[in-house]
$ cat upload.cif   # mmCIF, C-alpha atoms
data_work
loop_
_atom_site.label_atom_id
_atom_site.label_comp_id
_atom_site.auth_asym_id
_atom_site.auth_seq_id
_atom_site.Cartn_x
_atom_site.Cartn_y
_atom_site.Cartn_z
CA MET A 3 19.07 -8.21 29.31
CA GLY A 4 16.32 -7.11 26.97
CA MET A 5 12.77 -8.39 26.96
CA PHE A 6 13.51 -10.41 23.79
CA SER A 7 16.71 -12.02 25.06
CA GLY A 8 16.64 -15.67 24.01
CA LYS A 9 13.67 -15.13 21.68
CA LYS A 10 13.81 -15.91 17.96
CA GLY A 11 11.62 -14.86 15.10
CA MET A 12 11.18 -14.33 11.39
CA VAL A 13 10.54 -11.05 9.58
CA LEU A 14 8.91 -11.34 6.17
CA GLY A 15 8.77 -8.32 3.91
CA VAL A 16 11.51 -5.85 4.81
CA ALA A 17 12.17 -3.80 1.68
CA ASN A 18 14.76 -1.30 2.94
CA ASP A 19 15.71 0.70 6.00
CA PHE A 20 12.67 2.95 5.56
CA SER A 21 10.28 0.01 5.96
CA ILE A 22 7.94 -0.09 8.94
CA ALA A 23 9.03 -3.72 9.27
CA TRP A 24 12.62 -2.55 9.71
CA ALA A 25 11.63 0.03 12.34
CA ILE A 26 10.00 -2.79 14.31
CA THR A 27 12.93 -5.11 13.69
CA ARG A 28 15.39 -2.54 15.03
CA ARG A 29 13.45 -2.42 18.30
CA LEU A 30 13.37 -6.21 18.47
CA LEU A 31 17.12 -6.36 17.97
CA ASP A 32 17.69 -3.67 20.58
CA GLU A 33 15.80 -5.86 23.05
CA GLY A 34 17.97 -8.90 22.31
CA ALA A 35 15.94 -10.79 19.70
CA GLU A 36 17.51 -13.07 17.11
CA VAL A 37 15.88 -12.43 13.75
CA GLY A 38 15.78 -14.26 10.43
CA PHE A 39 14.66 -12.58 7.22
CA THR A 40 12.97 -13.42 3.95
CA HIS A 41 13.21 -11.51 0.71
CA LEU A 42 11.47 -11.59 -2.64
CA PRO A 43 13.08 -13.93 -5.19
CA GLY A 44 15.77 -12.27 -7.25
CA ASP A 45 19.29 -10.95 -6.77
CA LYS A 46 18.25 -7.32 -6.41
CA MET A 47 15.91 -7.97 -3.48
CA GLU A 48 18.35 -10.36 -1.86
CA ARG A 49 21.10 -7.73 -1.95
CA ARG A 50 18.75 -5.14 -0.48
CA VAL A 51 17.77 -7.34 2.46
CA ARG A 52 21.28 -8.73 3.05
CA LYS A 53 22.53 -5.16 3.35
CA LEU A 54 20.36 -4.84 6.46
CA ALA A 55 20.36 -8.39 7.78
CA GLU A 56 24.02 -9.36 7.60
CA PRO A 57 25.32 -6.50 9.80
CA VAL A 58 22.91 -7.56 12.58
CA GLY A 59 24.14 -11.15 12.47
CA ALA A 60 21.10 -12.83 10.91
CA ARG A 61 21.69 -16.58 10.60
CA LEU A 62 18.83 -17.09 8.16
CA ILE A 63 18.28 -14.95 5.06
CA THR A 64 16.18 -16.74 2.47
CA SER A 65 13.90 -16.04 -0.46
CA CYS A 66 10.14 -16.52 -0.21
CA ASP A 67 7.44 -16.40 -2.86
CA VAL A 68 4.27 -16.30 -0.77
CA GLN A 69 2.19 -17.29 -3.79
CA LYS A 70 3.75 -20.75 -3.59
CA ASP A 71 2.73 -22.93 -0.64
CA GLU A 72 5.83 -25.06 -0.99
CA ASP A 73 8.03 -21.98 -0.70
CA VAL A 74 6.34 -20.79 2.50
CA ALA A 75 6.64 -24.32 3.92
CA ARG A 76 10.35 -24.39 3.03
CA VAL A 77 10.99 -21.07 4.80
CA PHE A 78 9.60 -22.32 8.09
CA GLU A 79 11.36 -25.65 7.77
CA GLU A 80 14.59 -23.69 7.36
CA ALA A 81 13.63 -21.61 10.40
CA LYS A 82 13.08 -24.79 12.39
CA GLN A 83 16.46 -26.15 11.34
CA THR A 84 18.18 -22.84 12.15
CA TYR A 85 16.47 -21.77 15.36
CA GLY A 86 14.72 -24.88 16.66
CA SER A 87 11.55 -22.95 17.42
CA LEU A 88 10.14 -19.46 16.88
CA ASP A 89 8.63 -16.97 19.30
CA PHE A 90 7.37 -14.35 16.86
CA VAL A 91 6.67 -13.69 13.19
CA LEU A 92 6.32 -10.27 11.55
CA HIS A 93 4.34 -10.30 8.29
CA SER A 94 4.88 -7.15 6.22
CA ILE A 95 3.74 -8.23 2.77
CA ALA A 96 1.39 -6.50 0.33
CA PHE A 97 1.26 -6.13 -3.43
CA ALA A 98 -1.10 -5.09 -6.20
CA PRO A 99 -0.34 -4.58 -9.89
CA LEU A 100 0.34 -0.86 -10.28
CA ALA A 101 -2.30 -0.33 -12.96
CA ASP A 102 -4.95 -1.87 -10.72
CA LEU A 103 -3.76 0.07 -7.70
CA LYS A 104 -3.77 3.42 -9.47
CA CYS A 105 -7.27 3.11 -10.93
CA ALA A 106 -10.58 3.40 -9.13
CA PHE A 107 -11.57 0.20 -7.35
CA ALA A 108 -14.56 -0.12 -9.68
CA ASP A 109 -12.16 -0.27 -12.62
CA CYS A 110 -9.64 -2.82 -11.32
CA SER A 111 -9.21 -6.06 -13.21
CA ARG A 112 -10.30 -9.47 -11.98
CA GLU A 113 -6.76 -10.80 -12.30
CA GLY A 114 -5.29 -7.81 -10.49
CA PHE A 115 -7.77 -8.26 -7.65
CA LYS A 116 -6.95 -11.96 -7.35
CA THR A 117 -3.22 -11.24 -7.27
CA ALA A 118 -3.57 -8.47 -4.68
CA MET A 119 -5.73 -10.61 -2.40
CA ASP A 120 -3.45 -13.61 -2.78
CA VAL A 121 -0.27 -11.73 -1.89
CA SER A 122 -1.65 -9.19 0.57
CA VAL A 123 -4.19 -11.31 2.44
CA TYR A 124 -3.93 -15.04 1.87
CA SER A 125 -0.18 -14.89 2.49
CA LEU A 126 -0.88 -14.17 6.16
CA ALA A 127 -2.99 -17.32 6.44
CA ALA A 128 -0.31 -19.35 4.66
CA VAL A 129 2.42 -17.94 6.88
CA ALA A 130 0.39 -18.60 10.04
CA HIS A 131 -0.35 -22.16 8.92
CA HIS A 132 3.30 -23.02 8.42
CA ALA A 133 4.68 -20.94 11.30
CA ALA A 134 2.40 -22.38 13.96
CA PRO A 135 4.07 -25.83 14.16
CA VAL A 136 7.44 -24.10 14.70
CA MET A 137 6.03 -21.85 17.46
CA THR A 138 6.05 -24.74 19.91
CA GLU A 139 5.79 -22.56 23.02
CA GLY A 140 3.26 -20.18 21.54
CA GLY A 141 4.13 -16.62 20.64
CA SER A 142 2.96 -13.73 18.52
CA ILE A 143 2.23 -13.07 14.84
CA LEU A 144 1.94 -9.46 13.72
CA THR A 145 0.86 -8.05 10.36
CA LEU A 146 0.72 -4.48 9.07
CA THR A 147 -2.56 -2.94 7.99
CA TYR A 148 -3.90 0.57 7.35
CA PHE A 149 -6.95 2.71 8.12
CA GLY A 150 -7.89 2.53 4.43
CA GLY A 151 -9.30 -0.92 5.18
CA GLU A 152 -11.82 0.60 7.59
CA LYS A 153 -12.78 3.85 5.86
CA VAL A 154 -12.34 5.13 2.33
CA VAL A 155 -8.98 6.78 1.77
CA PRO A 156 -8.94 8.19 -1.78
CA GLY A 157 -5.96 6.86 -3.69
CA TYR A 158 -5.69 3.69 -1.60
CA ASN A 159 -8.25 2.02 -3.86
CA MET A 160 -7.99 -1.76 -4.19
CA MET A 161 -5.45 -2.03 -1.38
CA GLY A 162 -8.07 -0.72 1.02
CA VAL A 163 -10.30 -3.67 0.17
CA CYS A 164 -7.34 -6.00 0.71
CA LYS A 165 -6.61 -4.46 4.12
CA ALA A 166 -10.25 -4.91 5.13
CA ALA A 167 -9.90 -8.61 4.33
CA LEU A 168 -6.57 -8.70 6.17
CA ASP A 169 -8.15 -7.19 9.29
CA ALA A 170 -10.84 -9.88 9.25
CA SER A 171 -8.18 -12.54 8.72
CA VAL A 172 -6.39 -11.39 11.87
CA LYS A 173 -9.50 -12.01 13.96
CA TYR A 174 -10.17 -15.47 12.54
CA LEU A 175 -6.53 -16.50 12.80
CA ALA A 176 -6.46 -15.26 16.40
CA TYR A 177 -9.36 -17.61 17.12
CA ASP A 178 -7.83 -20.54 15.24
CA LEU A 179 -4.40 -20.25 16.84
CA GLY A 180 -5.47 -19.22 20.33
CA PRO A 181 -5.46 -22.81 21.65
CA LYS A 182 -1.81 -23.03 20.56
CA LYS A 183 -1.00 -19.95 22.67
CA ILE A 184 -0.28 -17.96 19.52
CA ARG A 185 -1.56 -14.40 19.39
CA VAL A 186 -2.35 -12.69 16.08
CA ASN A 187 -2.64 -8.91 15.79
CA ALA A 188 -2.33 -6.08 13.29
CA LEU A 189 -0.70 -2.68 13.55
CA SER A 190 -2.32 0.21 11.69
CA ALA A 191 0.15 3.09 11.39
CA GLY A 192 -0.44 6.62 10.25
CA PRO A 193 1.42 7.82 7.14
CA VAL A 194 5.06 6.73 7.23
CA LYS A 195 7.18 7.35 4.15
CA THR A 196 8.05 3.91 2.77
CA LEU A 197 8.59 2.26 -0.59
CA ALA A 198 5.01 0.98 -0.49
CA ALA A 199 3.59 4.39 0.42
CA SER A 200 5.11 5.91 -2.69
CA ALA A 201 2.80 3.79 -4.83
CA VAL A 202 -0.47 5.08 -3.37
CA GLY A 203 -1.91 8.58 -3.33
CA ASP A 204 -0.12 11.80 -2.41
CA PHE A 205 1.95 11.06 0.70
CA ASP A 206 2.70 14.66 1.64
CA GLN A 207 -0.95 15.63 1.34
CA LEU A 208 -2.04 12.67 3.45
CA ALA A 209 0.58 13.35 6.12
CA GLY A 210 -0.58 16.97 6.24
CA LEU A 211 -4.16 15.82 6.72
CA TYR A 212 -3.16 13.70 9.71
CA GLU A 213 -1.31 16.63 11.24
CA ALA A 214 -4.38 18.84 10.86
CA VAL A 215 -7.03 16.35 12.02
CA ALA A 216 -5.37 14.03 14.57
CA PRO A 217 -6.09 14.87 18.23
CA MET A 218 -2.36 15.09 18.91
CA GLN A 219 -2.01 17.59 16.03
CA ARG A 220 0.90 15.75 14.47
CA ASN A 221 1.75 12.70 12.44
CA VAL A 222 3.25 9.56 13.95
CA THR A 223 7.00 8.89 13.81
CA ARG A 224 8.70 5.80 12.46
CA GLU A 225 10.21 5.22 15.92
CA GLU A 226 6.78 5.23 17.56
CA VAL A 227 5.51 2.67 15.08
CA GLY A 228 8.56 0.50 15.68
CA ALA A 229 8.05 0.59 19.44
CA SER A 230 4.36 -0.29 19.12
CA GLY A 231 5.12 -3.23 16.84
CA MET A 232 7.73 -4.49 19.28
CA PHE A 233 5.17 -4.20 22.08
CA LEU A 234 2.60 -6.33 20.24
CA LEU A 235 5.20 -9.02 19.59
CA SER A 236 6.38 -9.00 23.21
CA ASP A 237 5.13 -10.68 26.36
CA LEU A 238 3.92 -7.26 27.50
CA ALA A 239 0.99 -7.83 25.11
CA SER A 240 0.35 -11.39 26.30
CA GLY A 241 -3.38 -10.71 26.77
CA ILE A 242 -3.91 -9.07 23.37
CA SER A 243 -5.05 -11.03 20.31
CA GLY A 244 -7.32 -10.35 17.36
CA GLU A 245 -6.71 -6.61 17.66
CA VAL A 246 -5.92 -3.83 15.21
CA LEU A 247 -3.76 -1.34 17.11
CA HIS A 248 -3.91 2.15 15.62
CA VAL A 249 -0.68 4.11 15.94
CA ASP A 250 -1.76 7.33 14.28
CA CYS A 251 -1.86 10.02 16.97
CA GLY A 252 -5.59 9.41 17.33
CA TYR A 253 -6.59 10.15 13.74
CA ASN A 254 -8.78 7.03 13.55
CA ALA A 255 -10.92 8.29 16.44
CA MET A 256 -12.12 11.37 14.57
CA GLY A 257 -15.56 11.55 12.99
CA SER A 258 -15.01 15.05 11.61
CA PRO A 259 -12.03 17.24 10.63
CA GLY A 260 -12.06 18.58 14.19
CA ARG A 261 -9.67 21.50 14.78
CA ALA A 262 -8.85 21.57 11.07
CA ILE A 263 -12.22 23.25 10.51
CA GLU A 264 -11.25 26.15 12.76
CA GLN A 265 -7.86 26.36 11.12
CA ALA A 266 -9.51 26.50 7.69
CA LYS A 267 -11.88 29.25 8.87
CA ALA A 268 -8.95 31.22 10.26
CA GLY A 269 -7.13 30.87 6.97
CA HIS A 270 -10.08 32.35 5.07
CA ALA A 271 -10.63 35.16 7.55
#

$ encode --input "upload.cif" --output "structure tokens"
Amino acid sequence: MGMFSGKKGMVLGVANDFSIAWAITRRLLDEGAEVGFTHLPGDKMERRVRKLAEPVGARLITSCDVQKDEDVARVFEEAKQTYGSLDFVLHSIAFAPLADLKCAFADCSREGFKTAMDVSVYSLAAVAHHAAPVMTEGGSILTLTYFGGEKVVPGYNMMGVCKAALDASVKYLAYDLGPKKIRVNALSAGPVKTLAASAVGDFDQLAGLYEAVAPMQRNVTREEVGASGMFLLSDLASGISGEVLHVDCGYNAMGSPGRAIEQAKAGHA
């Protein structure tokens, strides 16, 4: 028996099998969890998610537009009807109009900013609000963030501001839902090649930077991120709430390029 045997949850935001959300989901499934999935409205996204969800026996696969309160409410009503109650929720949702994401933050549009904050940040609050009544025995809510919300990461632009707001949301939601025995945390992974990552900056360059600067002198693996996400959703993390867990081989701890300086000097020698 796995540590998630008998536990049920919803995963919102899997895009494909390269998604961090899918890496976490695979670990949940390996530990015996029963998982329902949402997808963006539209046949293309439904097909993409069903390709992953149906082979693992998901009983609930449903669309969700997180910009519509009634749609989020419907999803968790369907979850209640399907599973009775939920033990965990994984929120892996972020979006910004490409033009606003690609430009400097100072140049982003008001409408683009509102859309990005609505989808990438407020959606967590909306999901928590509607999930909480279905999490009758308490449980865990996990969202995905990134170091670009704490420090400037060139190319991350407006999404970095959204992640900063998301990180703050995690803390306030942890406080609000604590009396209901619901924990709320965020996982901040190092560079992992995903559909979302392809939209921001130069992935290969960023991954190389992590390898050069991180104390462990390497970048994180998708499997490590999946295991860490599973941990935060599990009872092993029962005393952890309001946290941002960095899974980046220690990169976030560095205040300078560290050993990369010596490597650069050696390269010029």

$ resolve_selection --input "upload.cif" --expression "the PyMOL selection byres ((chain A and resi 168) around 12)" --output "VMD selection string"
chain A and resid 93 to 96 118 to 127 144 to 152 161 to 167 169 to 175 186 to 190 244 to 246

$ closest_residue --input "upload.cif" --among "A:His132, A:Lys183, A:Arg220, A:Arg28" --to "Val77 (chain A)" --atoms "only C-alpha atoms"
A:His132

$ residues_around --input "upload.cif" --residues "Ala134 (chain A)" --least-positions-apart "3" --cutoff "12 Å" --atoms "all atoms listed in the file" --output "PyMOL selection string"
chain A and resi 11+75+78-79+81-82+87-91+126-131+137-143+175-176+178-186

$ atom_distance --input "upload.cif" --atom1 "CA of Asn159 (chain A)" --atom2 "CA of Asp109 (chain A)"
9.9 Å

$ atom_distance --input "upload.cif" --atom1 "CA of Phe6 (chain A)" --atom2 "CA of Val51 (chain A)"
22.0 Å

$ atom_distance --input "upload.cif" --atom1 "CA of Glu33 (chain A)" --atom2 "CA of Ser7 (chain A)"
6.5 Å

$ residues_around --input "upload.cif" --residues "region 208-215 of chain A" --least-positions-apart "2" --cutoff "8 Å" --atoms "all atoms listed in the file" --output "count of residues only"
18

$ residues_around --input "upload.cif" --residues "region 98-105 of chain A" --least-positions-apart "4" --cutoff "6 Å" --atoms "all atoms listed in the file" --output "PyMOL selection string"
chain A and resi 110+114+118+160

$ residues_near_point --input "upload.cif" --point "(19.8, -16.9, 10.0)" --cutoff "7 Å" --atoms "only C-alpha atoms" --output "list in words"
Gly38, Ala60, Arg61, Leu62, Ile63 and Thr84 of chain A

$ residues_around --input "upload.cif" --residues "Lys46 (chain A)" --least-positions-apart "5" --cutoff "12 Å" --atoms "all atoms listed in the file" --output "count of residues only"
7

$ residues_around --input "upload.cif" --residues "Asp19 (chain A)" --least-positions-apart "3" --cutoff "10 Å" --atoms "only C-alpha atoms" --output "list in words"
Val16, Ile22, Ala23, Trp24, Ala25, Arg28, Arg50, Val51, Lys53, Leu54, Thr196 and Leu197 of chain A

$ decode --input "upload.cif" --residues "region 151-166 of chain A" --atoms "N, CA, C and O atoms" --output "short mmCIF file (atom, residue, chain, number, x, y, z; two decimals), in the first residue's frame"
data_model
loop_
_atom_site.label_atom_id
_atom_site.label_comp_id
_atom_site.auth_asym_id
_atom_site.auth_seq_id
_atom_site.Cartn_x
_atom_site.Cartn_y
_atom_site.Cartn_z
N GLY A 151 9.72 35.20 -9.03
CA GLY A 151 8.82 36.00 -8.19
C GLY A 151 9.53 36.58 -6.99
O GLY A 151 8.99 37.45 -6.30
N GLU A 152 10.75 36.11 -6.72
CA GLU A 152 11.53 36.60 -5.58
C GLU A 152 12.65 37.53 -6.00
O GLU A 152 12.95 38.51 -5.33
N LYS A 153 13.30 37.20 -7.10
CA LYS A 153 14.38 38.01 -7.65
C LYS A 153 14.15 38.18 -9.15
O LYS A 153 13.43 37.39 -9.77
N VAL A 154 14.78 39.18 -9.71
CA VAL A 154 14.59 39.44 -11.14
C VAL A 154 15.28 38.36 -11.96
O VAL A 154 16.47 38.08 -11.79
N VAL A 155 14.52 37.74 -12.84
CA VAL A 155 15.05 36.78 -13.81
C VAL A 155 14.75 37.36 -15.19
O VAL A 155 13.59 37.34 -15.62
N PRO A 156 15.74 37.94 -15.86
CA PRO A 156 15.49 38.55 -17.17
C PRO A 156 14.78 37.58 -18.11
O PRO A 156 15.13 36.41 -18.22
N GLY A 157 13.75 38.08 -18.76
CA GLY A 157 12.95 37.26 -19.67
C GLY A 157 11.68 36.74 -19.02
O GLY A 157 10.74 36.38 -19.72
N TYR A 158 11.64 36.71 -17.67
CA TYR A 158 10.44 36.23 -16.99
C TYR A 158 9.40 37.34 -16.88
O TYR A 158 8.20 37.08 -16.79
N ASN A 159 9.88 38.57 -16.81
CA ASN A 159 9.06 39.77 -16.98
C ASN A 159 7.80 39.77 -16.12
O ASN A 159 7.85 39.59 -14.91
N MET A 160 6.64 39.99 -16.75
CA MET A 160 5.39 40.13 -16.02
C MET A 160 5.05 38.89 -15.19
O MET A 160 4.45 39.00 -14.11
N MET A 161 5.44 37.72 -15.66
CA MET A 161 5.11 36.52 -14.90
C MET A 161 5.82 36.50 -13.55
O MET A 161 5.32 35.93 -12.58
N GLY A 162 6.98 37.15 -13.47
CA GLY A 162 7.65 37.24 -12.18
C GLY A 162 6.83 38.01 -11.17
O GLY A 162 6.78 37.65 -9.98
N VAL A 163 6.19 39.08 -11.62
CA VAL A 163 5.32 39.86 -10.73
C VAL A 163 4.12 39.02 -10.31
O VAL A 163 3.69 39.05 -9.15
N CYS A 164 3.59 38.25 -11.24
CA CYS A 164 2.47 37.36 -10.90
C CYS A 164 2.88 36.31 -9.88
O CYS A 164 2.13 36.01 -8.94
N LYS A 165 4.08 35.74 -10.03
CA LYS A 165 4.53 34.72 -9.08
C LYS A 165 4.77 35.33 -7.70
O LYS A 165 4.55 34.66 -6.67
N ALA A 166 5.21 36.58 -7.65
CA ALA A 166 5.37 37.24 -6.35
C ALA A 166 4.01 37.34 -5.65
O ALA A 166 3.90 37.09 -4.44
#
